[in-house]
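*Asks:* Structure: structure_32.txt, compact mmCIF, C-alpha atoms.
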# COMPACT_ATOMS: atom_id res chain seq x y z
CA MET T 486 66.49 36.86 102.82
CA THR T 487 69.95 38.18 103.44
CA ASP T 488 69.28 41.23 101.24
CA VAL T 489 66.55 42.64 103.50
CA PRO T 490 68.76 43.29 106.56
CA ALA T 491 71.42 44.81 104.32
CA ALA T 492 68.88 47.19 102.77
CA ALA T 493 67.56 48.06 106.21
CA ASN T 494 71.06 48.82 107.40
CA THR T 495 71.60 51.05 104.39
CA VAL T 496 68.39 52.98 105.01
CA ALA T 497 69.19 53.31 108.68
CA ALA T 498 72.67 54.60 107.90
CA LYS T 499 71.43 57.51 105.76
CA PRO T 500 70.06 59.66 108.60
CA MET T 501 73.30 59.19 110.50
CA ARG T 502 75.25 60.32 107.42
CA ARG T 503 73.08 63.42 107.07
CA HIS T 504 73.55 64.13 110.74
CA GLY T 505 77.33 63.86 110.34
CA ILE T 506 77.33 66.32 107.43
CA GLY T 507 75.26 68.79 109.41
CA ARG T 508 77.66 68.57 112.31
CA ARG T 509 80.61 69.23 110.02
CA GLU T 510 78.84 72.24 108.54
CA ARG T 511 78.15 73.63 111.99
CA ALA T 512 81.79 73.12 112.91
CA ALA T 513 82.88 74.89 109.73
CA TRP T 514 80.58 77.84 110.43
CA GLY T 515 81.92 77.92 113.96
CA PHE T 516 85.48 78.30 112.68
CA VAL T 517 84.49 80.92 110.09
CA ALA T 518 82.16 82.90 112.36
CA PRO T 519 84.86 84.94 114.21
CA ALA T 520 86.32 86.16 110.91
CA LEU T 521 82.86 86.95 109.50
CA ILE T 522 81.91 88.84 112.65
CA ALA T 523 85.16 90.83 112.51
CA ILE T 524 84.55 91.67 108.82
CA ALA T 525 80.98 92.74 109.57
CA VAL T 526 81.91 94.87 112.59
CA PHE T 527 85.05 96.50 111.21
CA PHE T 528 84.24 96.67 107.48
CA VAL T 529 80.61 96.15 106.42
CA ILE T 530 78.95 98.22 109.14
CA PRO T 531 81.43 101.17 108.86
CA VAL T 532 81.16 101.18 105.05
CA VAL T 533 77.36 101.19 105.09
CA SER T 534 77.36 103.84 107.81
CA ALA T 535 79.77 106.02 105.80
CA LEU T 536 77.59 105.63 102.70
CA LEU T 537 74.53 106.78 104.64
CA LEU T 538 76.60 109.59 106.18
CA SER T 539 77.57 110.84 102.72
CA LEU T 540 73.87 111.43 102.01
CA THR T 541 73.50 113.80 104.98
CA ASP T 542 74.87 117.19 106.06
CA PHE T 543 76.55 115.71 109.12
CA ASP T 544 78.78 118.43 110.58
CA ILE T 545 79.91 119.82 113.92
CA TYR T 546 76.37 120.95 114.72
CA ALA T 547 75.06 117.43 114.21
CA LEU T 548 77.79 116.18 116.53
CA ALA T 549 76.37 118.41 119.25
CA ASP T 550 72.74 117.49 118.53
CA LEU T 551 71.54 114.81 116.12
CA ASN T 552 68.36 116.82 115.58
CA ASN T 553 70.48 119.09 113.37
CA LEU T 554 71.19 116.17 111.03
CA ARG T 555 69.41 116.43 107.67
CA PHE T 556 69.16 114.13 104.68
CA VAL T 557 70.49 115.93 101.57
CA GLY T 558 70.68 113.10 99.06
CA LEU T 559 73.39 113.58 96.43
CA LYS T 560 74.03 117.21 97.29
CA ASN T 561 77.47 116.46 98.80
CA TYR T 562 78.53 114.72 95.58
CA GLU T 563 77.23 117.61 93.45
CA GLN T 564 79.15 120.15 95.52
CA LEU T 565 82.34 118.12 95.27
CA LEU T 566 82.10 117.82 91.51
CA THR T 567 81.83 121.60 91.24
CA ASN T 568 84.59 122.30 93.78
CA PRO T 569 87.89 123.35 92.09
CA LEU T 570 89.85 122.33 95.20
CA PHE T 571 88.58 118.77 94.87
CA TRP T 572 89.56 118.62 91.20
CA GLY T 573 92.98 120.03 92.08
CA ALA T 574 93.43 117.26 94.64
CA MET T 575 92.28 114.71 92.05
CA LYS T 576 94.81 116.04 89.53
CA ASN T 577 97.63 115.83 92.08
CA THR T 578 96.61 112.30 92.99
CA LEU T 579 96.63 111.27 89.33
CA TRP T 580 100.12 112.72 88.94
CA PHE T 581 101.31 110.73 91.93
CA ALA T 582 99.78 107.54 90.52
CA VAL T 583 100.87 108.04 86.90
CA LEU T 584 104.47 108.82 87.87
CA GLY T 585 104.81 106.76 91.03
CA VAL T 586 103.40 103.38 89.97
CA PRO T 587 105.81 102.81 87.03
CA LEU T 588 108.77 104.14 89.05
CA SER T 589 108.07 101.93 92.06
CA ILE T 590 107.46 98.83 89.94
CA ALA T 591 110.58 99.44 87.84
CA ALA T 592 112.73 100.00 90.94
CA SER T 593 111.41 96.94 92.77
CA LEU T 594 111.57 94.66 89.73
CA GLY T 595 115.08 95.84 88.86
CA ALA T 596 116.29 95.24 92.41
CA ALA T 597 114.64 91.80 92.44
CA VAL T 598 116.28 90.78 89.15
CA ILE T 599 119.68 91.91 90.39
CA LEU T 600 119.35 90.13 93.73
CA ASN T 601 118.10 86.99 92.00
CA ALA T 602 121.34 86.75 90.03
CA ARG T 603 123.68 84.13 91.45
CA VAL T 604 126.76 86.28 90.86
CA VAL T 605 125.63 88.79 93.50
CA LYS T 606 127.32 88.28 96.84
CA TRP T 607 125.77 88.81 100.29
CA ARG T 608 122.25 88.62 98.88
CA PRO T 609 120.53 88.23 102.30
CA ILE T 610 122.21 91.44 103.51
CA TRP T 611 121.07 93.36 100.44
CA ARG T 612 117.53 92.08 100.87
CA VAL T 613 117.41 93.29 104.45
CA MET T 614 118.84 96.68 103.49
CA PHE T 615 116.33 97.18 100.67
CA PHE T 616 113.38 96.01 102.77
CA ALA T 617 114.32 98.02 105.86
CA PRO T 618 112.74 101.33 104.69
CA PHE T 619 109.35 99.66 104.34
CA VAL T 620 109.21 98.58 107.99
CA THR T 621 110.54 101.84 109.43
CA THR T 622 108.17 104.44 110.82
CA LEU T 623 106.75 106.58 108.02
CA VAL T 624 106.64 109.84 109.96
CA ALA T 625 110.23 109.47 111.18
CA THR T 626 111.57 108.71 107.71
CA ALA T 627 109.53 111.57 106.23
CA VAL T 628 111.11 114.00 108.69
CA VAL T 629 114.56 112.69 107.76
CA TRP T 630 113.81 113.18 104.08
CA ARG T 631 112.69 116.75 104.78
CA TYR T 632 116.19 117.45 106.05
CA LEU T 633 117.77 115.60 103.11
CA LEU T 634 115.77 117.81 100.72
CA HIS T 635 116.44 121.04 102.59
CA THR T 636 117.41 123.87 100.29
CA ARG T 637 120.47 125.06 102.25
CA TYR T 638 121.48 122.15 104.49
CA GLY T 639 120.19 119.10 102.62
CA VAL T 640 122.54 116.34 101.50
CA ILE T 641 120.89 116.13 98.07
CA ASN T 642 121.52 119.81 97.30
CA TRP T 643 125.05 119.47 98.67
CA ALA T 644 125.63 116.66 96.14
CA LEU T 645 124.21 118.82 93.34
CA GLN T 646 126.45 121.72 94.29
CA SER T 647 129.48 119.44 94.43
CA VAL T 648 129.07 118.70 90.72
CA GLY T 649 128.47 122.34 89.81
CA LEU T 650 124.66 122.42 89.80
CA SER T 651 122.58 125.01 91.63
CA PRO T 652 120.53 123.92 94.67
CA VAL T 653 116.84 123.15 94.23
CA ASP T 654 114.03 124.19 96.55
CA TRP T 655 112.54 120.73 96.43
CA LEU T 656 109.62 121.20 98.81
CA GLY T 657 109.07 124.92 98.23
CA GLN T 658 108.14 124.95 94.55
CA PRO T 659 105.04 123.42 92.93
CA GLU T 660 107.15 122.10 90.04
CA THR T 661 109.46 120.04 92.28
CA SER T 662 107.27 119.18 95.27
CA ILE T 663 105.59 116.14 93.68
CA PRO T 664 108.89 114.68 92.32
CA ALA T 665 110.48 115.21 95.76
CA ILE T 666 107.70 113.35 97.55
CA LEU T 667 107.77 110.64 94.88
CA MET T 668 111.47 110.04 95.53
CA PHE T 669 110.67 109.44 99.17
CA VAL T 670 107.61 107.24 98.49
CA VAL T 671 109.41 105.03 95.96
CA TRP T 672 112.36 104.62 98.34
CA LYS T 673 109.94 103.76 101.14
CA ILE T 674 107.81 101.11 99.45
CA PHE T 675 109.89 99.48 96.72
CA GLY T 676 111.40 96.92 99.14
CA TYR T 677 108.01 95.30 99.74
CA ASN T 678 107.31 94.80 96.04
CA MET T 679 110.91 93.68 95.59
CA LEU T 680 110.32 90.71 97.93
CA ILE T 681 107.18 89.75 96.00
CA PHE T 682 109.04 89.83 92.69
CA LEU T 683 112.01 88.02 94.19
CA ALA T 684 109.79 85.20 95.41
CA VAL T 685 108.17 84.69 92.00
CA LEU T 686 111.48 85.01 90.12
CA GLN T 687 112.83 82.06 92.09
CA THR T 688 109.98 79.91 90.75
CA VAL T 689 110.87 80.48 87.07
CA PRO T 690 112.47 77.23 85.77
CA ASP T 691 116.13 77.47 84.80
CA GLU T 692 115.37 75.32 81.76
CA LEU T 693 113.57 78.24 80.14
CA TYR T 694 116.65 80.45 80.44
CA GLU T 695 118.89 77.65 79.12
CA ALA T 696 116.63 77.20 76.09
CA ALA T 697 116.67 80.95 75.46
CA ARG T 698 120.47 81.05 75.68
CA ILE T 699 120.74 78.14 73.26
CA ASP T 700 118.52 80.04 70.83
CA GLY T 701 120.91 82.99 71.06
CA ALA T 702 118.88 85.29 73.31
CA GLY T 703 120.83 87.81 75.34
CA PRO T 704 120.01 89.04 78.84
CA TRP T 705 117.49 91.63 77.64
CA LYS T 706 115.63 89.19 75.36
CA GLN T 707 115.61 86.63 78.16
CA PHE T 708 114.05 89.22 80.44
CA VAL T 709 111.42 90.24 77.86
CA HIS T 710 110.50 86.80 76.49
CA VAL T 711 111.07 84.59 79.54
CA THR T 712 110.97 86.58 82.76
CA LEU T 713 108.09 88.97 82.04
CA PRO T 714 105.65 86.30 80.74
CA ALA T 715 106.48 84.07 83.71
CA ILE T 716 105.81 86.79 86.30
CA ALA T 717 102.88 88.46 84.47
CA PRO T 718 100.21 87.54 87.08
CA THR T 719 102.41 88.81 89.91
CA LEU T 720 103.18 91.96 87.93
CA LEU T 721 99.44 92.59 87.61
CA LEU T 722 98.94 92.04 91.33
CA VAL T 723 101.73 94.45 92.26
CA SER T 724 100.42 97.08 89.84
CA ILE T 725 96.92 96.89 91.36
CA ILE T 726 98.31 97.19 94.88
CA SER T 727 100.57 100.08 93.83
CA VAL T 728 97.73 102.00 92.17
CA ALA T 729 95.56 101.64 95.28
CA GLY T 730 98.48 102.76 97.46
CA PHE T 731 99.31 105.86 95.41
CA PHE T 732 95.66 106.86 95.23
CA GLN T 733 95.61 106.80 99.04
CA LEU T 734 98.70 108.92 99.71
CA PHE T 735 98.21 111.03 102.81
CA ALA T 736 100.94 110.84 105.45
CA GLU T 737 103.79 111.70 103.07
CA PRO T 738 102.46 115.10 101.86
CA TYR T 739 100.98 115.78 105.29
CA VAL T 740 104.33 115.47 107.05
CA MET T 741 106.61 116.85 104.35
CA THR T 742 104.66 119.76 102.83
CA GLN T 743 101.28 120.03 104.63
CA GLY T 744 99.71 120.06 101.18
CA GLY T 745 101.80 122.97 99.90
CA PRO T 746 103.23 124.84 98.24
CA ALA T 747 100.11 126.41 96.73
CA GLN T 748 98.22 123.15 97.40
CA SER T 749 100.35 121.38 94.80
CA THR T 750 100.63 118.22 96.93
CA VAL T 751 97.06 118.04 98.28
CA THR T 752 95.83 114.53 97.46
CA VAL T 753 92.26 113.25 97.53
CA LEU T 754 92.84 111.60 100.89
CA TYR T 755 94.40 114.79 102.25
CA PHE T 756 91.39 116.74 100.97
CA MET T 757 89.09 114.24 102.67
CA TYR T 758 91.00 114.66 105.94
CA GLU T 759 90.63 118.42 105.80
CA GLU T 760 86.94 118.20 104.96
CA GLY T 761 86.26 115.83 107.83
CA PHE T 762 88.61 116.92 110.62
CA LYS T 763 89.49 120.50 109.80
CA TRP T 764 86.15 121.85 108.58
CA TRP T 765 84.03 119.11 110.22
CA ASN T 766 82.04 118.44 107.06
CA LEU T 767 81.83 114.72 107.75
CA GLY T 768 79.11 114.12 105.18
CA SER T 769 81.24 115.69 102.47
CA ALA T 770 84.31 113.74 103.65
CA SER T 771 82.34 110.48 103.38
CA ALA T 772 81.34 111.43 99.83
CA VAL T 773 85.02 111.99 98.98
CA ALA T 774 85.81 108.52 100.32
CA PHE T 775 83.25 106.87 98.04
CA ILE T 776 84.37 108.85 95.00
CA LEU T 777 87.93 107.69 95.73
CA PHE T 778 86.69 104.11 96.01
CA LEU T 779 84.96 104.38 92.63
CA CYS T 780 88.14 105.77 91.05
CA ILE T 781 90.29 102.93 92.41
CA PHE T 782 87.66 100.39 91.38
CA ALA T 783 87.47 101.79 87.84
CA VAL T 784 91.25 101.84 87.41
CA THR T 785 91.45 98.26 88.71
CA LEU T 786 88.84 97.12 86.18
CA VAL T 787 90.82 98.80 83.40
CA GLN T 788 94.01 97.05 84.55
CA LEU T 789 92.25 93.68 84.61
CA ALA T 790 90.76 94.26 81.15
CA VAL T 791 94.14 95.24 79.69
CA ALA T 792 95.83 92.24 81.31
CA ARG T 793 93.10 89.93 79.99
CA ARG T 794 93.47 91.31 76.48
CA LEU T 795 97.24 91.03 76.53
CA GLY T 796 96.94 87.48 77.84
CA SER T 797 94.55 86.52 75.05
CA GLN T 798 96.93 87.95 72.42
CA THR T 799 99.84 85.88 73.72
How does this structure look as structure tokens?

*Replies:*
Amino acid sequence: MTDVPAAANTVAAKPMRRHGIGRRERAAWGFVAPALIAIAVFFVIPVVSALLLSLTDFDIYALADLNNLRFVGLKNYEQLLTNPLFWGAMKNTLWFAVLGVPLSIAASLGAAVILNARVVKWRPIWRVMFFAPFVTTLVATAVVWRYLLHTRYGVINWALQSVGLSPVDWLGQPETSIPAILMFVVWKIFGYNMLIFLAVLQTVPDELYEAARIDGAGPWKQFVHVTLPAIAPTLLLVSIISVAGFFQLFAEPYVMTQGGPAQSTVTVLYFMYEEGFKWWNLGSASAVAFILFLCIFAVTLVQLAVARRLGSQT
């Protein structure tokens, strides 16, 4: 007899439990909704609109009257793939990425390893000094670097002449324009990656280094066999971020060289800017944006595959 009321209470409690779960779900959706709305408004809708725009001949005439807008399918992509200026911009972008990513990672990782050493004094001051270029205004620092690289009045050429070397026209020759911009870009961004590496280096247990020292490993072997395996996931993350950043270079060549000399520093993003806002071929500019996205996506997949294979071998 006493079991019947207990069973009835159990049955009666189930709808209340379901009601409580539903209320929690509604509360969760309420908290997530502002972020989802922001993502939809500022990311999903613009991306879909740009994709549709890349399939049209949207230009300055369509801006004046939408009746001039025509659907052209993949014609914009076909024209880009046969445009030598686009392939020149792609080649320049690849040079920036191939040279800039290893340089920036090496500089930031080296600075992080040095600052992580306990023998270094005034480490907080050095961290602030190395990170300061990243938070400074890009255009202002680019203008300063233009004066530093000036052929006649630049400090860098003055230093070269002081040791008996001839001055270099850094920004006026196609052979030196990309290295000159890379010097500025690496100096500008390496502080951010340095902080990421510094944070993960501080999580590596000291016991691993003590065991390596007991086994007779020197500083270089400790770095190769202890430090690099411990920070491998962070190294992959930084490399992916760096590749995406170098593929999207725009402000640096725009301010320092305006794409010259002889279009040797025109990047894909710079080419897209000119297509969209100089020649008002907005459909073609949208196609450039999606080709750039596919390039970054493909390189990221390759990086993940290589990292997965190296991880399986170890």

*Asks:* Find the nearest atom pair between each residue of range 667-743 of chain T and range 767-790 of chain T for residues within 9 Å, count all atoms listed in the file, give distances in Å to one decimal, sort rows by chain and ascending number, and present the table as CSV.

*Replies:*
residue,atom,partner,partner_atom,distance
T:Leu721,CA,T:Gln788,CA,7.7
T:Ser724,CA,T:Gln788,CA,8.3
T:Ile725,CA,T:Thr785,CA,6.2
T:Val728,CA,T:Ile781,CA,7.5
T:Ala729,CA,T:Ile781,CA,6.1
T:Phe732,CA,T:Ile781,CA,7.2
T:Gln733,CA,T:Leu777,CA,8.4

*Asks:* If you measure from CA of Ala591 in chain T to CA of Leu667 in chain T, what distance in Å do you get, rounded to one decimal?

*Replies:*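 Atom-to-atom, CA of Ala591 in chain T and CA of Leu667 in chain T are spaced 13.5 Å apart.
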
*Asks:* Counting only C-alpha atoms, which of T:Val723, T:Leu795, T:Ser662, T:Val711 gets nearest to Arg698 in chain T?

*Replies:*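 Ranked by minimum distance to Arg698 in chain T, first place goes to T:Val711.
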
*Asks:* Please compute the CA of Asn577 in chain T-CA of Gln658 in chain T distance, one decimal, in Å.

*Replies:* 14.1 Å

*Asks:* Would you work out the distance separating CA of Arg608 in chain T from CA of Lys673 in chain T, expressed in Å to one decimal?

*Replies:* 19.6 Å

*Asks:* Which residue gives the smallest distance to Val689 in chain T among T:Ile641, T:Ser749, T:Asn601, T:Val583, with only C-alpha atoms counted?

*Replies:* T:Asn601

*Asks:* Around (110.8, 82.0, 92.0), as given in the file, which residues come within 12 Å? Count all atoms listed in the file and list them as a PyMOL selection string.

*Replies:* chain T and resi 597-598+600-602+680-691+712+715-716+719

*Asks:* With C-alpha atoms retained, write the just-selected residues as an mmCIF file, in the coordinates of the input.

*Replies:*
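Resulting contents of part-v5.cif:
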data_model
loop_
_atom_site.group_PDB
_atom_site.id
_atom_site.type_symbol
_atom_site.label_atom_id
_atom_site.label_comp_id
_atom_site.auth_asym_id
_atom_site.auth_seq_id
_atom_site.Cartn_x
_atom_site.Cartn_y
_atom_site.Cartn_z
ATOM 1 C CA ALA T 597 114.640 91.800 92.440
ATOM 2 C CA VAL T 598 116.280 90.780 89.150
ATOM 3 C CA LEU T 600 119.350 90.130 93.730
ATOM 4 C CA ASN T 601 118.100 86.990 92.000
ATOM 5 C CA ALA T 602 121.340 86.750 90.030
ATOM 6 C CA LEU T 680 110.320 90.710 97.930
ATOM 7 C CA ILE T 681 107.180 89.750 96.000
ATOM 8 C CA PHE T 682 109.040 89.830 92.690
ATOM 9 C CA LEU T 683 112.010 88.020 94.190
ATOM 10 C CA ALA T 684 109.790 85.200 95.410
ATOM 11 C CA VAL T 685 108.170 84.690 92.000
ATOM 12 C CA LEU T 686 111.480 85.010 90.120
ATOM 13 C CA GLN T 687 112.830 82.060 92.090
ATOM 14 C CA THR T 688 109.980 79.910 90.750
ATOM 15 C CA VAL T 689 110.870 80.480 87.070
ATOM 16 C CA PRO T 690 112.470 77.230 85.770
ATOM 17 C CA ASP T 691 116.130 77.470 84.800
ATOM 18 C CA THR T 712 110.970 86.580 82.760
ATOM 19 C CA ALA T 715 106.480 84.070 83.710
ATOM 20 C CA ILE T 716 105.810 86.790 86.300
ATOM 21 C CA THR T 719 102.410 88.810 89.910
#

*Asks:* Identify the residues around (74.1, 117.9, 114.7) within a radius of 12 Å, measuring from only C-alpha atoms in the coordinates stated by the file, and give them as a list in words.

*Replies:* Thr541, Asp542, Phe543, Asp544, Ile545, Tyr546, Ala547, Leu548, Ala549, Asp550, Leu551, Asn552, Asn553, Leu554, Arg555, Phe556, Trp765, Asn766, Leu767 and Gly768 of chain T

*Asks:* Would you put the residues from that selection into a file with C-alpha atoms, as an mmCIF file, in the coordinates of the input?

*Replies:*
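Contents of result27.cif, freshly written:
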data_model
loop_
_atom_site.group_PDB
_atom_site.id
_atom_site.type_symbol
_atom_site.label_atom_id
_atom_site.label_comp_id
_atom_site.auth_asym_id
_atom_site.auth_seq_id
_atom_site.Cartn_x
_atom_site.Cartn_y
_atom_site.Cartn_z
ATOM 1 C CA THR T 541 73.500 113.800 104.980
ATOM 2 C CA ASP T 542 74.870 117.190 106.060
ATOM 3 C CA PHE T 543 76.550 115.710 109.120
ATOM 4 C CA ASP T 544 78.780 118.430 110.580
ATOM 5 C CA ILE T 545 79.910 119.820 113.920
ATOM 6 C CA TYR T 546 76.370 120.950 114.720
ATOM 7 C CA ALA T 547 75.060 117.430 114.210
ATOM 8 C CA LEU T 548 77.790 116.180 116.530
ATOM 9 C CA ALA T 549 76.370 118.410 119.250
ATOM 10 C CA ASP T 550 72.740 117.490 118.530
ATOM 11 C CA LEU T 551 71.540 114.810 116.120
ATOM 12 C CA ASN T 552 68.360 116.820 115.580
ATOM 13 C CA ASN T 553 70.480 119.090 113.370
ATOM 14 C CA LEU T 554 71.190 116.170 111.030
ATOM 15 C CA ARG T 555 69.410 116.430 107.670
ATOM 16 C CA PHE T 556 69.160 114.130 104.680
ATOM 17 C CA TRP T 765 84.030 119.110 110.220
ATOM 18 C CA ASN T 766 82.040 118.440 107.060
ATOM 19 C CA LEU T 767 81.830 114.720 107.750
ATOM 20 C CA GLY T 768 79.110 114.120 105.180
#

*Asks:* Would you mind telling me which residue in T:Ala792, T:Leu536, T:Ala625, T:Leu634 lies nearest to Ala736 in chain T when using all atoms listed in the file?

*Replies:* T:Ala625

*Asks:* For each of T:Ala535, T:Met575, T:Val751, T:Val791, take the minimum atom-to-atom distance to Ile663 in chain T, counting all atoms listed in the file, then give the residue where this is smallest.

*Replies:*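 The shortest atom-to-atom distance to Ile663 in chain T comes from T:Val751.
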